[in-house]
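J.: What follows is the file coords.cif, containing mmCIF, C-alpha atoms:
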```
data_input
loop_
_atom_site.label_atom_id
_atom_site.label_comp_id
_atom_site.auth_asym_id
_atom_site.auth_seq_id
_atom_site.Cartn_x
_atom_site.Cartn_y
_atom_site.Cartn_z
CA MET Y 1 19.46 -22.22 18.80
CA ALA Y 2 22.47 -20.23 17.69
CA ARG Y 3 22.67 -16.60 18.81
CA ILE Y 4 25.69 -14.80 17.63
CA SER Y 5 27.60 -11.65 18.30
CA SER Y 6 28.02 -9.20 15.45
CA LYS Y 7 31.49 -8.18 16.63
CA ASP Y 8 33.33 -10.14 13.93
CA ALA Y 9 31.19 -9.17 10.96
CA ASP Y 10 32.98 -8.55 7.67
CA VAL Y 11 31.67 -5.97 5.24
CA ILE Y 12 33.04 -5.58 1.75
CA VAL Y 13 32.24 -3.57 -1.39
CA ASP Y 14 33.64 -4.86 -4.67
CA GLU Y 15 37.16 -6.02 -3.69
CA LEU Y 16 37.54 -3.52 -0.85
CA ASP Y 17 37.22 -4.75 2.73
CA PHE Y 18 36.02 -1.98 5.06
CA SER Y 19 35.47 -4.15 8.13
CA ALA Y 20 38.28 -2.29 9.90
CA VAL Y 21 36.37 1.00 9.87
CA LEU Y 22 32.73 -0.04 10.23
CA SER Y 23 30.82 -0.54 13.48
CA SER Y 24 27.26 -1.13 12.33
CA VAL Y 25 25.50 -2.58 9.30
CA VAL Y 26 21.76 -2.74 8.73
CA ALA Y 27 20.34 -4.61 5.75
CA THR Y 28 16.66 -3.92 5.09
CA VAL Y 29 14.24 -5.42 2.58
CA ASP Y 30 11.00 -3.54 1.98
CA VAL Y 31 8.05 -4.97 0.08
CA PRO Y 32 5.51 -2.42 -1.17
CA MET Y 33 1.97 -3.61 -0.55
CA ALA Y 34 -0.86 -2.80 -2.95
CA ASP Y 35 -4.28 -2.46 -1.40
CA GLY Y 36 -6.51 -5.11 -2.99
CA THR Y 37 -9.48 -4.79 -0.67
CA ALA Y 38 -12.93 -5.15 -2.18
CA PHE Y 39 -16.28 -4.23 -0.66
CA LEU Y 40 -17.11 -7.85 0.03
CA ASP Y 41 -13.93 -8.49 2.06
CA ALA Y 42 -14.33 -8.52 5.84
CA ASP Y 43 -10.67 -7.60 6.30
CA LYS Y 44 -8.16 -5.66 4.26
CA VAL Y 45 -6.47 -7.61 1.49
CA TRP Y 46 -2.91 -6.83 0.42
CA ILE Y 47 -0.94 -7.83 -2.67
CA PRO Y 48 2.86 -7.78 -2.47
CA GLY Y 49 4.93 -5.86 -5.02
CA ALA Y 50 8.56 -6.27 -5.97
CA PRO Y 51 10.89 -6.02 -2.96
CA GLY Y 52 13.73 -3.54 -2.72
CA PHE Y 53 16.62 -3.41 -0.31
CA THR Y 54 18.96 -0.97 1.35
CA ILE Y 55 22.18 -1.52 3.26
CA ASP Y 56 23.28 1.12 5.73
CA TRP Y 57 26.80 1.39 7.11
CA GLN Y 58 27.97 3.34 10.11
CA GLY Y 59 31.68 3.73 10.59
CA PHE Y 60 34.76 5.86 11.08
CA SER Y 61 36.27 8.07 8.44
CA SER Y 62 39.64 6.78 7.30
CA THR Y 63 41.94 8.05 4.54
CA ALA Y 64 44.46 5.21 4.51
CA SER Y 65 44.48 1.45 5.10
CA PRO Y 66 41.70 1.50 4.08
CA ASN Y 67 40.96 4.75 2.27
CA PHE Y 68 37.29 4.59 3.22
CA ASP Y 69 36.64 8.30 2.81
CA GLY Y 70 38.46 8.60 -0.50
CA ASP Y 71 36.85 5.57 -2.08
CA MET Y 72 33.35 6.53 -1.00
CA PHE Y 73 33.68 10.12 -2.20
CA SER Y 74 35.24 9.27 -5.55
CA ASN Y 75 32.54 6.65 -6.22
CA LEU Y 76 29.52 8.76 -5.35
CA THR Y 77 27.92 8.08 -8.73
CA THR Y 78 29.37 4.66 -9.46
CA LEU Y 79 26.59 2.21 -10.18
CA ALA Y 80 26.19 -1.46 -9.32
CA ARG Y 81 28.87 -1.94 -6.69
CA GLN Y 82 28.83 -5.41 -5.15
CA VAL Y 83 28.26 -5.23 -1.40
CA GLY Y 84 28.78 -8.28 0.80
CA VAL Y 85 27.80 -8.53 4.47
CA TYR Y 86 28.91 -11.56 6.50
CA HIS Y 87 27.82 -11.40 10.11
CA GLU Y 88 30.41 -13.94 11.33
CA GLY Y 89 33.08 -12.91 8.88
CA PHE Y 90 34.03 -14.14 5.41
CA LYS Y 91 37.24 -15.96 6.27
CA THR Y 92 35.51 -19.23 7.23
CA VAL Y 93 34.03 -21.51 4.58
CA GLY Y 94 30.31 -21.96 5.07
CA ASN Y 95 29.73 -18.66 6.86
CA LEU Y 96 26.50 -17.05 5.76
CA GLY Y 97 25.72 -13.53 4.64
CA PHE Y 98 24.15 -11.37 1.97
CA GLU Y 99 25.34 -10.16 -1.44
CA GLY Y 100 23.78 -7.51 -3.64
CA LYS Y 101 24.56 -5.01 -6.38
CA THR Y 102 23.98 -1.52 -5.01
CA ASN Y 103 24.27 2.15 -5.78
CA ALA Y 104 25.63 4.58 -3.20
CA ALA Y 105 22.57 6.58 -2.23
CA ARG Y 106 23.83 8.85 0.54
CA GLN Y 107 26.93 9.58 2.58
CA GLY Y 108 27.20 11.46 5.86
CA ARG Y 109 30.39 12.78 7.41
CA THR Y 110 30.17 13.88 11.03
CA SER Y 111 32.43 15.66 13.47
CA GLY Y 112 31.64 16.13 17.13
CA ILE Y 113 33.48 17.62 20.07
CA THR Y 114 33.67 14.26 21.83
CA GLU Y 115 33.51 11.91 18.85
CA SER Y 116 35.75 10.54 16.14
CA VAL Y 117 35.05 11.67 12.59
CA GLY Y 118 32.25 9.45 11.37
CA LEU Y 119 31.36 8.30 7.89
CA ASN Y 120 27.98 6.71 7.26
CA VAL Y 121 27.06 5.28 3.86
CA GLY Y 122 23.66 4.21 2.59
CA TRP Y 123 23.40 1.82 -0.36
CA THR Y 124 20.26 1.25 -2.42
CA GLY Y 125 19.84 -2.17 -3.94
CA ASP Y 126 20.05 -2.39 -7.70
CA SER Y 127 19.40 -6.10 -7.95
CA THR Y 128 18.27 -9.13 -5.96
CA LEU Y 129 19.54 -9.35 -2.39
CA VAL Y 130 21.04 -12.82 -2.30
CA ARG Y 131 21.51 -15.04 0.74
CA ALA Y 132 25.06 -16.25 0.19
CA GLN Y 133 27.72 -18.33 1.85
CA VAL Y 134 31.48 -18.45 1.69
CA ASN Y 135 32.56 -21.17 -0.73
CA HIS Y 136 36.28 -20.44 -0.47
CA TYR Y 137 38.64 -18.08 1.26
CA VAL Y 138 42.41 -18.21 1.17
CA ALA Y 139 44.71 -15.49 2.41
CA ALA Y 140 47.58 -16.57 0.19
CA LEU Y 141 46.81 -18.79 -2.82
CA THR Y 142 50.15 -19.71 -4.39
CA SER Y 143 49.29 -22.73 -6.51
CA THR Y 144 46.39 -24.26 -8.37
CA ALA Y 145 43.62 -25.53 -6.09
CA ASN Y 146 39.95 -26.44 -5.93
CA SER Y 147 37.48 -25.25 -3.35
CA THR Y 148 35.57 -27.88 -1.39
CA GLY Y 149 32.29 -28.75 -3.07
CA GLN Y 150 29.22 -27.46 -1.26
CA ASN Y 151 25.68 -28.76 -1.50
CA SER Y 152 23.91 -27.21 1.47
CA GLY Y 153 22.90 -23.86 2.87
CA THR Y 154 22.52 -21.47 -0.03
CA VAL Y 155 24.09 -23.86 -2.55
CA GLY Y 156 22.43 -26.75 -4.35
CA ALA Y 157 20.32 -27.71 -7.32
CA LEU Y 158 18.52 -24.98 -9.25
CA SER Y 159 14.97 -24.97 -10.55
CA ALA Y 160 14.21 -23.25 -13.85
CA ALA Y 161 13.17 -20.19 -11.84
CA GLN Y 162 16.42 -19.91 -9.93
CA LYS Y 163 19.99 -18.81 -10.48
CA MET Y 164 23.28 -19.31 -8.65
CA VAL Y 165 25.05 -16.05 -7.96
CA VAL Y 166 28.81 -16.55 -7.65
CA VAL Y 167 31.03 -13.63 -6.64
CA LEU Y 168 34.80 -13.80 -7.01
CA ARG Y 169 36.90 -11.27 -5.16
CA VAL Y 170 40.67 -10.99 -5.48
CA LEU Y 171 41.51 -8.97 -2.43
CA ALA Y 172 45.26 -8.84 -3.06
CA SER Y 173 47.73 -9.92 -5.72
CA SER Y 174 51.51 -10.07 -5.55
CA GLY Y 175 54.37 -11.55 -7.56
CA THR Y 176 56.85 -10.47 -10.20
CA GLY Y 177 54.19 -8.73 -12.26
CA ASN Y 178 53.13 -11.57 -14.56
CA GLN Y 179 50.99 -13.51 -12.11
CA THR Y 180 47.62 -14.79 -13.35
CA LEU Y 181 44.62 -16.39 -11.68
CA ASN Y 182 41.92 -18.20 -13.63
CA VAL Y 183 38.77 -19.28 -11.79
CA VAL Y 184 36.10 -21.59 -13.17
CA ILE Y 185 32.72 -22.47 -11.61
CA GLN Y 186 31.88 -26.16 -11.64
CA SER Y 187 28.95 -28.31 -10.57
CA ASP Y 188 28.55 -32.08 -10.20
CA ASP Y 189 26.08 -34.59 -8.85
CA GLY Y 190 28.70 -36.04 -6.51
CA SER Y 191 31.02 -34.59 -3.91
CA GLY Y 192 34.03 -36.15 -5.64
CA PHE Y 193 33.46 -34.08 -8.82
CA GLY Y 194 34.19 -37.11 -10.98
CA SER Y 195 32.46 -35.56 -13.99
CA PRO Y 196 32.15 -31.84 -13.35
CA THR Y 197 30.26 -29.44 -15.59
CA THR Y 198 31.66 -25.97 -16.16
CA ARG Y 199 28.99 -23.41 -15.27
CA GLY Y 200 30.95 -20.20 -15.71
CA THR Y 201 34.44 -18.82 -16.29
CA PHE Y 202 35.70 -15.62 -14.70
CA ALA Y 203 37.93 -13.26 -16.63
CA GLU Y 204 41.62 -13.77 -15.89
CA LYS Y 205 42.82 -11.82 -12.87
CA THR Y 206 46.34 -10.45 -12.78
CA THR Y 207 48.13 -7.80 -10.77
CA SER Y 208 45.22 -5.80 -9.38
CA ALA Y 209 42.55 -6.52 -6.83
CA ALA Y 210 39.27 -7.23 -8.59
CA GLU Y 211 35.67 -8.32 -8.19
CA GLU Y 212 33.42 -10.10 -10.63
CA LYS Y 213 29.99 -11.68 -10.44
CA ILE Y 214 28.63 -14.54 -12.58
CA GLU Y 215 25.01 -15.69 -12.50
CA VAL Y 216 24.24 -19.25 -13.55
CA SER Y 217 20.63 -19.76 -14.62
CA GLY Y 218 18.71 -22.89 -13.75
CA ALA Y 219 17.59 -25.50 -14.19
CA VAL Y 220 20.62 -27.35 -12.85
CA THR Y 221 20.13 -30.75 -11.26
CA ASP Y 222 23.69 -31.01 -9.90
CA THR Y 223 23.73 -30.39 -6.17
CA TYR Y 224 27.46 -29.81 -5.60
CA TRP Y 225 29.24 -26.57 -6.55
CA ARG Y 226 32.87 -25.50 -6.34
CA VAL Y 227 35.48 -23.36 -8.09
CA THR Y 228 38.79 -24.36 -9.58
CA MET Y 229 41.61 -21.83 -9.25
CA THR Y 230 44.63 -21.96 -11.59
CA VAL Y 231 47.64 -19.91 -10.56
CA ALA Y 232 50.49 -19.12 -12.93
CA GLY Y 233 53.44 -16.75 -13.15
CA SER Y 234 57.10 -16.56 -12.29
CA GLY Y 235 58.53 -15.85 -8.88
CA SER Y 236 55.97 -16.34 -6.14
CA PRO Y 237 52.53 -15.50 -7.48
CA THR Y 238 50.16 -15.01 -4.57
CA PHE Y 239 46.49 -14.12 -4.44
CA GLU Y 240 44.08 -13.47 -1.59
CA VAL Y 241 40.82 -14.96 -2.84
CA LEU Y 242 37.22 -14.92 -1.64
CA VAL Y 243 34.43 -16.80 -3.43
CA THR Y 244 30.82 -16.69 -2.31
CA MET Y 245 27.76 -18.45 -3.69
CA GLY Y 246 24.02 -18.08 -3.21
CA ARG Y 247 20.86 -19.24 -4.85
CA ALA Y 248 18.27 -16.65 -5.80
CA GLU Y 249 15.13 -16.20 -7.85
CA LEU Y 250 15.73 -15.61 -11.55
CA ASP Y 251 14.64 -12.24 -12.91
CA GLY Y 252 11.83 -12.11 -15.43
CA MET I 1 -8.71 -10.44 36.60
CA ALA I 2 -6.04 -12.72 35.12
CA ARG I 3 -2.83 -10.99 34.04
CA LYS I 4 -0.38 -12.98 31.98
CA HIS I 5 3.34 -12.79 31.44
CA GLY I 6 4.60 -12.69 27.87
CA LYS I 7 7.82 -14.60 28.49
CA ASP I 8 6.52 -17.86 27.05
CA ALA I 9 4.85 -16.49 23.92
CA ASN I 10 4.77 -18.67 20.85
CA TYR I 11 4.82 -17.65 17.21
CA SER I 12 4.86 -19.91 14.18
CA TRP I 13 5.63 -19.01 10.57
CA ASN I 14 4.43 -21.50 7.98
CA ALA I 15 4.10 -24.12 10.74
CA SER I 16 7.72 -23.58 11.89
CA ALA I 17 8.22 -22.41 15.46
CA LEU I 18 9.95 -19.05 15.59
CA GLU I 19 9.85 -18.35 19.32
CA GLY I 20 13.45 -19.55 19.68
CA GLU I 21 14.50 -16.57 17.54
CA LEU I 22 12.15 -13.97 19.01
CA ASP I 23 12.24 -11.77 22.08
CA ASN I 24 9.47 -9.38 21.15
CA ILE I 25 6.19 -9.77 19.30
CA ARG I 26 3.73 -6.98 18.73
CA GLN I 27 0.50 -7.46 16.84
CA ASP I 28 -1.45 -4.32 15.91
CA VAL I 29 -4.96 -4.17 14.57
CA ASP I 30 -5.92 -0.95 12.83
CA VAL I 31 -9.40 -0.02 11.75
CA ASN I 32 -9.56 2.92 9.38
CA GLU I 33 -12.15 5.27 10.67
CA ALA I 34 -14.25 7.21 8.15
CA PRO I 35 -15.19 10.62 9.59
CA ILE I 36 -18.89 11.39 9.41
CA THR I 37 -18.98 14.36 11.71
CA ALA I 38 -21.71 16.83 10.99
CA PHE I 39 -22.00 20.42 12.12
CA LEU I 40 -24.64 19.49 14.67
CA ASP I 41 -22.40 16.89 16.42
CA VAL I 42 -20.79 17.92 19.69
CA TYR I 43 -18.05 15.30 19.27
CA GLN I 44 -16.53 13.78 16.18
CA ASN I 45 -18.27 10.73 14.75
CA PHE I 46 -16.76 7.87 12.79
CA LEU I 47 -17.70 4.72 10.96
CA ALA I 48 -15.46 1.68 11.21
CA GLY I 49 -13.70 0.46 8.08
CA LYS I 50 -12.00 -2.85 7.38
CA LYS I 51 -9.64 -4.45 9.88
CA ASP I 52 -5.91 -4.38 9.11
CA VAL I 53 -3.50 -6.53 11.11
CA ARG I 54 0.29 -6.25 11.27
CA THR I 55 2.70 -8.18 13.44
CA GLU I 56 6.13 -6.84 14.35
CA LEU I 57 8.75 -9.46 15.15
CA ALA I 58 12.17 -8.91 16.73
CA GLY I 59 14.82 -11.21 18.04
CA PRO I 60 18.31 -12.70 17.75
CA TYR I 61 19.24 -13.40 14.15
CA ASN I 62 20.06 -16.95 13.09
CA ALA I 63 21.14 -17.08 9.46
CA ALA I 64 20.66 -20.84 9.29
CA ALA I 65 17.23 -21.07 10.96
CA VAL I 66 13.71 -19.77 10.41
CA SER I 67 14.55 -16.10 10.89
CA GLY I 68 17.45 -16.26 8.48
CA VAL I 69 16.11 -18.70 5.91
CA SER I 70 12.33 -19.04 5.84
CA LEU I 71 11.37 -15.43 6.58
CA PHE I 72 13.80 -14.18 3.93
CA ASP I 73 12.98 -16.80 1.30
CA ASP I 74 9.22 -16.30 1.87
CA ILE I 75 9.29 -12.60 0.96
CA GLY I 76 6.37 -12.18 -1.46
CA THR I 77 4.68 -15.46 -0.47
CA LEU I 78 1.49 -15.83 1.58
CA ARG I 79 2.04 -18.02 4.65
CA SER I 80 0.08 -19.07 7.73
CA THR I 81 0.98 -17.73 11.15
CA ILE I 82 -0.18 -18.39 14.72
CA PHE I 83 0.52 -15.98 17.57
CA SER I 84 0.01 -17.19 21.12
CA PRO I 85 0.74 -14.34 23.52
CA THR I 86 1.08 -16.64 26.55
CA GLY I 87 2.31 -19.82 24.87
CA ALA I 88 -0.45 -21.88 26.45
CA SER I 89 -2.93 -24.02 24.55
CA ALA I 90 -5.81 -22.04 23.14
CA ASP I 91 -8.70 -21.47 25.50
CA SER I 92 -10.80 -18.59 26.66
CA ASN I 93 -7.97 -17.31 28.86
CA ASN I 94 -5.24 -17.94 26.29
CA PRO I 95 -6.49 -16.98 22.82
CA HIS I 96 -4.43 -17.64 19.71
CA TYR I 97 -4.44 -15.31 16.72
CA LYS I 98 -4.32 -17.12 13.43
CA CYS I 99 -3.82 -15.90 9.90
CA THR I 100 -4.21 -18.80 7.47
CA ALA I 101 -2.90 -18.78 3.92
CA SER I 102 -5.70 -19.42 1.44
CA GLY I 103 -6.50 -17.57 -1.79
CA LEU I 104 -5.76 -13.89 -1.16
CA SER I 105 -5.50 -14.40 2.60
CA GLY I 106 -2.36 -15.05 4.56
CA ALA I 107 0.64 -13.37 6.10
CA LEU I 108 3.24 -11.48 4.06
CA VAL I 109 6.70 -10.24 5.00
CA SER I 110 6.48 -6.53 4.22
CA ARG I 111 9.77 -5.53 5.87
CA TYR I 112 12.82 -7.58 6.83
CA GLU I 113 15.84 -6.08 8.54
CA VAL I 114 19.10 -7.56 9.82
CA ASN I 115 21.05 -5.40 12.24
CA LEU I 116 24.74 -6.00 12.96
CA ALA I 117 26.50 -3.81 15.50
CA VAL I 118 29.98 -4.31 16.86
CA GLY I 119 28.78 -4.22 20.46
CA ASP I 120 25.64 -6.28 20.15
CA ALA I 121 24.31 -9.62 19.11
CA ALA I 122 23.17 -9.98 15.51
CA ARG I 123 19.47 -9.11 15.48
CA TYR I 124 16.61 -9.02 13.01
CA THR I 125 13.19 -7.43 12.78
CA ALA I 126 10.35 -8.31 10.46
CA THR I 127 7.01 -6.73 9.75
CA ILE I 128 4.33 -9.24 8.89
CA GLN I 129 1.38 -7.76 7.00
CA HIS I 130 -1.78 -9.87 7.30
CA SER I 131 -3.94 -10.03 4.19
CA GLY I 132 -7.53 -11.11 4.71
CA SER I 133 -8.83 -12.48 7.97
CA THR I 134 -7.07 -12.96 11.29
CA THR I 135 -9.11 -15.13 13.63
CA ARG I 136 -9.11 -15.24 17.42
CA VAL I 137 -9.18 -18.86 18.49
CA VAL I 138 -10.12 -19.92 22.01
CA SER I 139 -10.17 -23.68 21.65
#
```
What is this file in structure tokens?
T.:
Amino acid sequence: MARISSKDADVIVDELDFSAVLSSVVATVDVPMADGTAFLDADKVWIPGAPGFTIDWQGFSSTASPNFDGDMFSNLTTLARQVGVYHEGFKTVGNLGFEGKTNAARQGRTSGITESVGLNVGWTGDSTLVRAQVNHYVAALTSTANSTGQNSGTVGALSAAQKMVVVLRVLASSGTGNQTLNVVIQSDDGSGFGSPTTRGTFAEKTTSAAEEKIEVSGAVTDTYWRVTMTVAGSGSPTFEVLVTMGRAELDG
Amino acid sequence: MARKHGKDANYSWNASALEGELDNIRQDVDVNEAPITAFLDVYQNFLAGKKDVRTELAGPYNAAAVSGVSLFDDIGTLRSTIFSPTGASADSNNPHYKCTASGLSGALVSRYEVNLAVGDAARYTATIQHSGSTTRVVS
């Protein structure tokens, strides 16, 4: 049975990777329980409510590479930031983790005589916490490519009560200034993607780092999912790309 | 008086063995006491209320196994659980504690936490709230 170290965890919010300044992450799901006990029951009866989640970071204050302190402070009231937590890192396809839209709920900055300046951030979930896996990561995408189709783990067919949550992150972009990246979500019933169905199209990405989430509602009988990535531009267009996918319960 | 070690404890969630992803199991039974103390009583008096059982689970996190998949995906769903403190077959010296999913009864994940620290293994904890009866089985 696999037991893993947390030492290589990657933690990201939107398109910003803060793994270099974080030392602890705790993701918690709480389910409020309503007391449904009647006189005739021998034992207490409980009825579950809607779950909520929080993600708590502990780390070191940094003002450059990355600007952890600056980004957190300037986004104190920014809603629905996409947090990703990958306990074995997000640079390996198939690695598992969590994704969720969150609001920054609290920040703590600490200074101690014998300690480095600390920055702790608490996020409150504003959506479903999704079990996700890395579908594709490339440090330098320079030409059009497809990710490898996945049909296991958190990826597969969808019932009518499920959705596929696909998060695209462009972590870096370089070129002569006219570089473009177009990413499309596809599914198919075979690993060869002989007759793929387009399930979603991300907005074109250009010169800035970016993050975008698309949710594909079920039912979908196709079991294989991938993304196609089309690179264009003069010079040497290059993108650092991360795509994650996870199946979750549909709202409503 | 027999004293048992807990090192071989077993715990199953929805008929899947979880003991490979656990290193600590704690099952608490609370009985809300209704105070009925009167002025004439020397000591406080209480009446027992309904039994309430919770199980706290902790262990190494495995994102691809029961702790990472089933416990998370079963949030909000009643499931059956069996706790064997010694891991031995049920008998009078090795009771099992069962909560079986049926109607309003069963076990619910009321709290699920994954803890990642740079100097530690990935770990999880889960609080299992029992709804309805938990039975002590000795055979």
J.: Determine, using only C-alpha atoms, which residues of chain I have any atom at most 10 Å from an atom of chain Y, and tabulate each with its shortest atom pair and distance in Å to one decimal place, rows ordered by chain and then rising number, as JSON lines.
T.:
```
{"residue": "I:Gly20", "atom": "CA", "partner": "Y:Met1", "partner_atom": "CA", "distance": 6.6}
{"residue": "I:Glu21", "atom": "CA", "partner": "Y:Met1", "partner_atom": "CA", "distance": 7.6}
{"residue": "I:Val31", "atom": "CA", "partner": "Y:Asp43", "partner_atom": "CA", "distance": 9.4}
{"residue": "I:Gly49", "atom": "CA", "partner": "Y:Asp43", "partner_atom": "CA", "distance": 8.8}
{"residue": "I:Lys50", "atom": "CA", "partner": "Y:Asp43", "partner_atom": "CA", "distance": 5.0}
{"residue": "I:Lys51", "atom": "CA", "partner": "Y:Asp43", "partner_atom": "CA", "distance": 4.9}
{"residue": "I:Asp52", "atom": "CA", "partner": "Y:Lys44", "partner_atom": "CA", "distance": 5.5}
{"residue": "I:Val53", "atom": "CA", "partner": "Y:Lys44", "partner_atom": "CA", "distance": 8.3}
{"residue": "I:Gly59", "atom": "CA", "partner": "Y:Arg3", "partner_atom": "CA", "distance": 9.6}
{"residue": "I:Pro60", "atom": "CA", "partner": "Y:Arg3", "partner_atom": "CA", "distance": 5.9}
{"residue": "I:Tyr61", "atom": "CA", "partner": "Y:Arg3", "partner_atom": "CA", "distance": 6.6}
{"residue": "I:Asn62", "atom": "CA", "partner": "Y:Ala2", "partner_atom": "CA", "distance": 6.1}
{"residue": "I:Ala63", "atom": "CA", "partner": "Y:Leu96", "partner_atom": "CA", "distance": 6.5}
{"residue": "I:Ala64", "atom": "CA", "partner": "Y:Gly153", "partner_atom": "CA", "distance": 7.4}
{"residue": "I:Ala65", "atom": "CA", "partner": "Y:Met1", "partner_atom": "CA", "distance": 8.2}
{"residue": "I:Gly68", "atom": "CA", "partner": "Y:Arg131", "partner_atom": "CA", "distance": 8.8}
{"residue": "I:Val69", "atom": "CA", "partner": "Y:Arg131", "partner_atom": "CA", "distance": 8.3}
{"residue": "I:Phe72", "atom": "CA", "partner": "Y:Arg131", "partner_atom": "CA", "distance": 8.4}
{"residue": "I:Asp73", "atom": "CA", "partner": "Y:Arg131", "partner_atom": "CA", "distance": 8.7}
{"residue": "I:Ile75", "atom": "CA", "partner": "Y:Val31", "partner_atom": "CA", "distance": 7.8}
{"residue": "I:Gly76", "atom": "CA", "partner": "Y:Pro48", "partner_atom": "CA", "distance": 5.7}
{"residue": "I:Thr77", "atom": "CA", "partner": "Y:Pro48", "partner_atom": "CA", "distance": 8.1}
{"residue": "I:Leu78", "atom": "CA", "partner": "Y:Pro48", "partner_atom": "CA", "distance": 9.1}
{"residue": "I:Leu104", "atom": "CA", "partner": "Y:Val45", "partner_atom": "CA", "distance": 6.9}
{"residue": "I:Ser105", "atom": "CA", "partner": "Y:Val45", "partner_atom": "CA", "distance": 6.9}
{"residue": "I:Gly106", "atom": "CA", "partner": "Y:Val45", "partner_atom": "CA", "distance": 9.0}
{"residue": "I:Ala107", "atom": "CA", "partner": "Y:Trp46", "partner_atom": "CA", "distance": 9.4}
{"residue": "I:Leu108", "atom": "CA", "partner": "Y:Pro48", "partner_atom": "CA", "distance": 7.5}
{"residue": "I:Val109", "atom": "CA", "partner": "Y:Val31", "partner_atom": "CA", "distance": 7.3}
{"residue": "I:Ser110", "atom": "CA", "partner": "Y:Val31", "partner_atom": "CA", "distance": 4.7}
{"residue": "I:Arg111", "atom": "CA", "partner": "Y:Asp30", "partner_atom": "CA", "distance": 4.5}
{"residue": "I:Tyr112", "atom": "CA", "partner": "Y:Val29", "partner_atom": "CA", "distance": 5.0}
{"residue": "I:Glu113", "atom": "CA", "partner": "Y:Thr28", "partner_atom": "CA", "distance": 4.2}
{"residue": "I:Val114", "atom": "CA", "partner": "Y:Ala27", "partner_atom": "CA", "distance": 5.2}
{"residue": "I:Asn115", "atom": "CA", "partner": "Y:Val26", "partner_atom": "CA", "distance": 4.5}
{"residue": "I:Leu116", "atom": "CA", "partner": "Y:Val25", "partner_atom": "CA", "distance": 5.1}
{"residue": "I:Ala117", "atom": "CA", "partner": "Y:Ser24", "partner_atom": "CA", "distance": 4.2}
{"residue": "I:Val118", "atom": "CA", "partner": "Y:Lys7", "partner_atom": "CA", "distance": 4.2}
{"residue": "I:Gly119", "atom": "CA", "partner": "Y:Lys7", "partner_atom": "CA", "distance": 6.1}
{"residue": "I:Asp120", "atom": "CA", "partner": "Y:Ser5", "partner_atom": "CA", "distance": 6.0}
{"residue": "I:Ala121", "atom": "CA", "partner": "Y:Ser5", "partner_atom": "CA", "distance": 3.9}
{"residue": "I:Ala122", "atom": "CA", "partner": "Y:Ser6", "partner_atom": "CA", "distance": 4.9}
{"residue": "I:Arg123", "atom": "CA", "partner": "Y:Ser6", "partner_atom": "CA", "distance": 8.6}
{"residue": "I:Tyr124", "atom": "CA", "partner": "Y:Val26", "partner_atom": "CA", "distance": 9.2}
{"residue": "I:Thr125", "atom": "CA", "partner": "Y:Thr28", "partner_atom": "CA", "distance": 9.1}
{"residue": "I:Ala126", "atom": "CA", "partner": "Y:Val29", "partner_atom": "CA", "distance": 9.3}
{"residue": "I:Thr127", "atom": "CA", "partner": "Y:Asp30", "partner_atom": "CA", "distance": 9.3}
{"residue": "I:Gln129", "atom": "CA", "partner": "Y:Trp46", "partner_atom": "CA", "distance": 7.9}
{"residue": "I:His130", "atom": "CA", "partner": "Y:Trp46", "partner_atom": "CA", "distance": 7.6}
{"residue": "I:Ser131", "atom": "CA", "partner": "Y:Val45", "partner_atom": "CA", "distance": 4.4}
{"residue": "I:Gly132", "atom": "CA", "partner": "Y:Val45", "partner_atom": "CA", "distance": 4.9}
{"residue": "I:Ser133", "atom": "CA", "partner": "Y:Asp43", "partner_atom": "CA", "distance": 5.5}
{"residue": "I:Thr134", "atom": "CA", "partner": "Y:Asp43", "partner_atom": "CA", "distance": 8.2}
```
J.: Which neighbours of Ala203 of chain Y fall inside 12 Å, counting all atoms listed in the file, when residues of the same chain fewer than 3 positions from it are skipped, and could you give them as JSON, numbers by chain?
T.: {"Y": [168, 169, 170, 180, 181, 182, 183, 184, 185, 200, 206, 210, 211, 212, 213, 214, 229]}
J.: Could you name the residues that touch segment 101-117 of chain Y at 10 Å or less, counting only C-alpha atoms, but leaving out those on the same chain fewer than 2 positions away, as a PyMOL selection string?
T.: chain Y and resi 13-14+53-62+69+72-73+75-84+99+119-130+213
J.: Hey, can you check how far atom CA of Asp91 of chain I sits from atom CA of Val137 of chain I?
T.: 7.5 Å
J.: Excluding Val66 of chain I and its own-chain neighbours fewer than 6 positions away, which residues fall within 8 Å of it when counting all atoms listed in the file? Please give them as a compact mmCIF listing (two decimals) with C-alpha atoms, in the coordinates of the input.
T.:
```txt
# COMPACT_ATOMS: atom_id res chain seq x y z
CA SER I 16 7.72 -23.58 11.89
CA ALA I 17 8.22 -22.41 15.46
CA LEU I 18 9.95 -19.05 15.59
CA GLU I 21 14.50 -16.57 17.54
```
J.: Could you tell me, as an NGL selection string, exactly which residues end up selected when the PyMOL selection byres ((chain I and resi 47) around 7) is applied to this structure?
T.: :I and (33-36 or 46 or 48-49)
J.: Do a neighbour search on Gly149 of chain Y at 10 Å with all atoms listed in the file, toss out local chain neighbours closer than 3 positions, and write the hits as a PyMOL selection string.
T.: chain Y and resi 135-136+146+152+155+186-188+190-193+223-227
J.: Convert the current residue selection to file output with C-alpha atoms, as a short mmCIF file (atom, residue, chain, number, x, y, z; two decimals), in the frame of the given file.
T.:
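Contents of again-v3.cif, as written:
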```
data_model
loop_
_atom_site.label_atom_id
_atom_site.label_comp_id
_atom_site.auth_asym_id
_atom_site.auth_seq_id
_atom_site.Cartn_x
_atom_site.Cartn_y
_atom_site.Cartn_z
CA ASN Y 135 32.56 -21.17 -0.73
CA HIS Y 136 36.28 -20.44 -0.47
CA ASN Y 146 39.95 -26.44 -5.93
CA SER Y 152 23.91 -27.21 1.47
CA VAL Y 155 24.09 -23.86 -2.55
CA GLN Y 186 31.88 -26.16 -11.64
CA SER Y 187 28.95 -28.31 -10.57
CA ASP Y 188 28.55 -32.08 -10.20
CA GLY Y 190 28.70 -36.04 -6.51
CA SER Y 191 31.02 -34.59 -3.91
CA GLY Y 192 34.03 -36.15 -5.64
CA PHE Y 193 33.46 -34.08 -8.82
CA THR Y 223 23.73 -30.39 -6.17
CA TYR Y 224 27.46 -29.81 -5.60
CA TRP Y 225 29.24 -26.57 -6.55
CA ARG Y 226 32.87 -25.50 -6.34
CA VAL Y 227 35.48 -23.36 -8.09
#
```
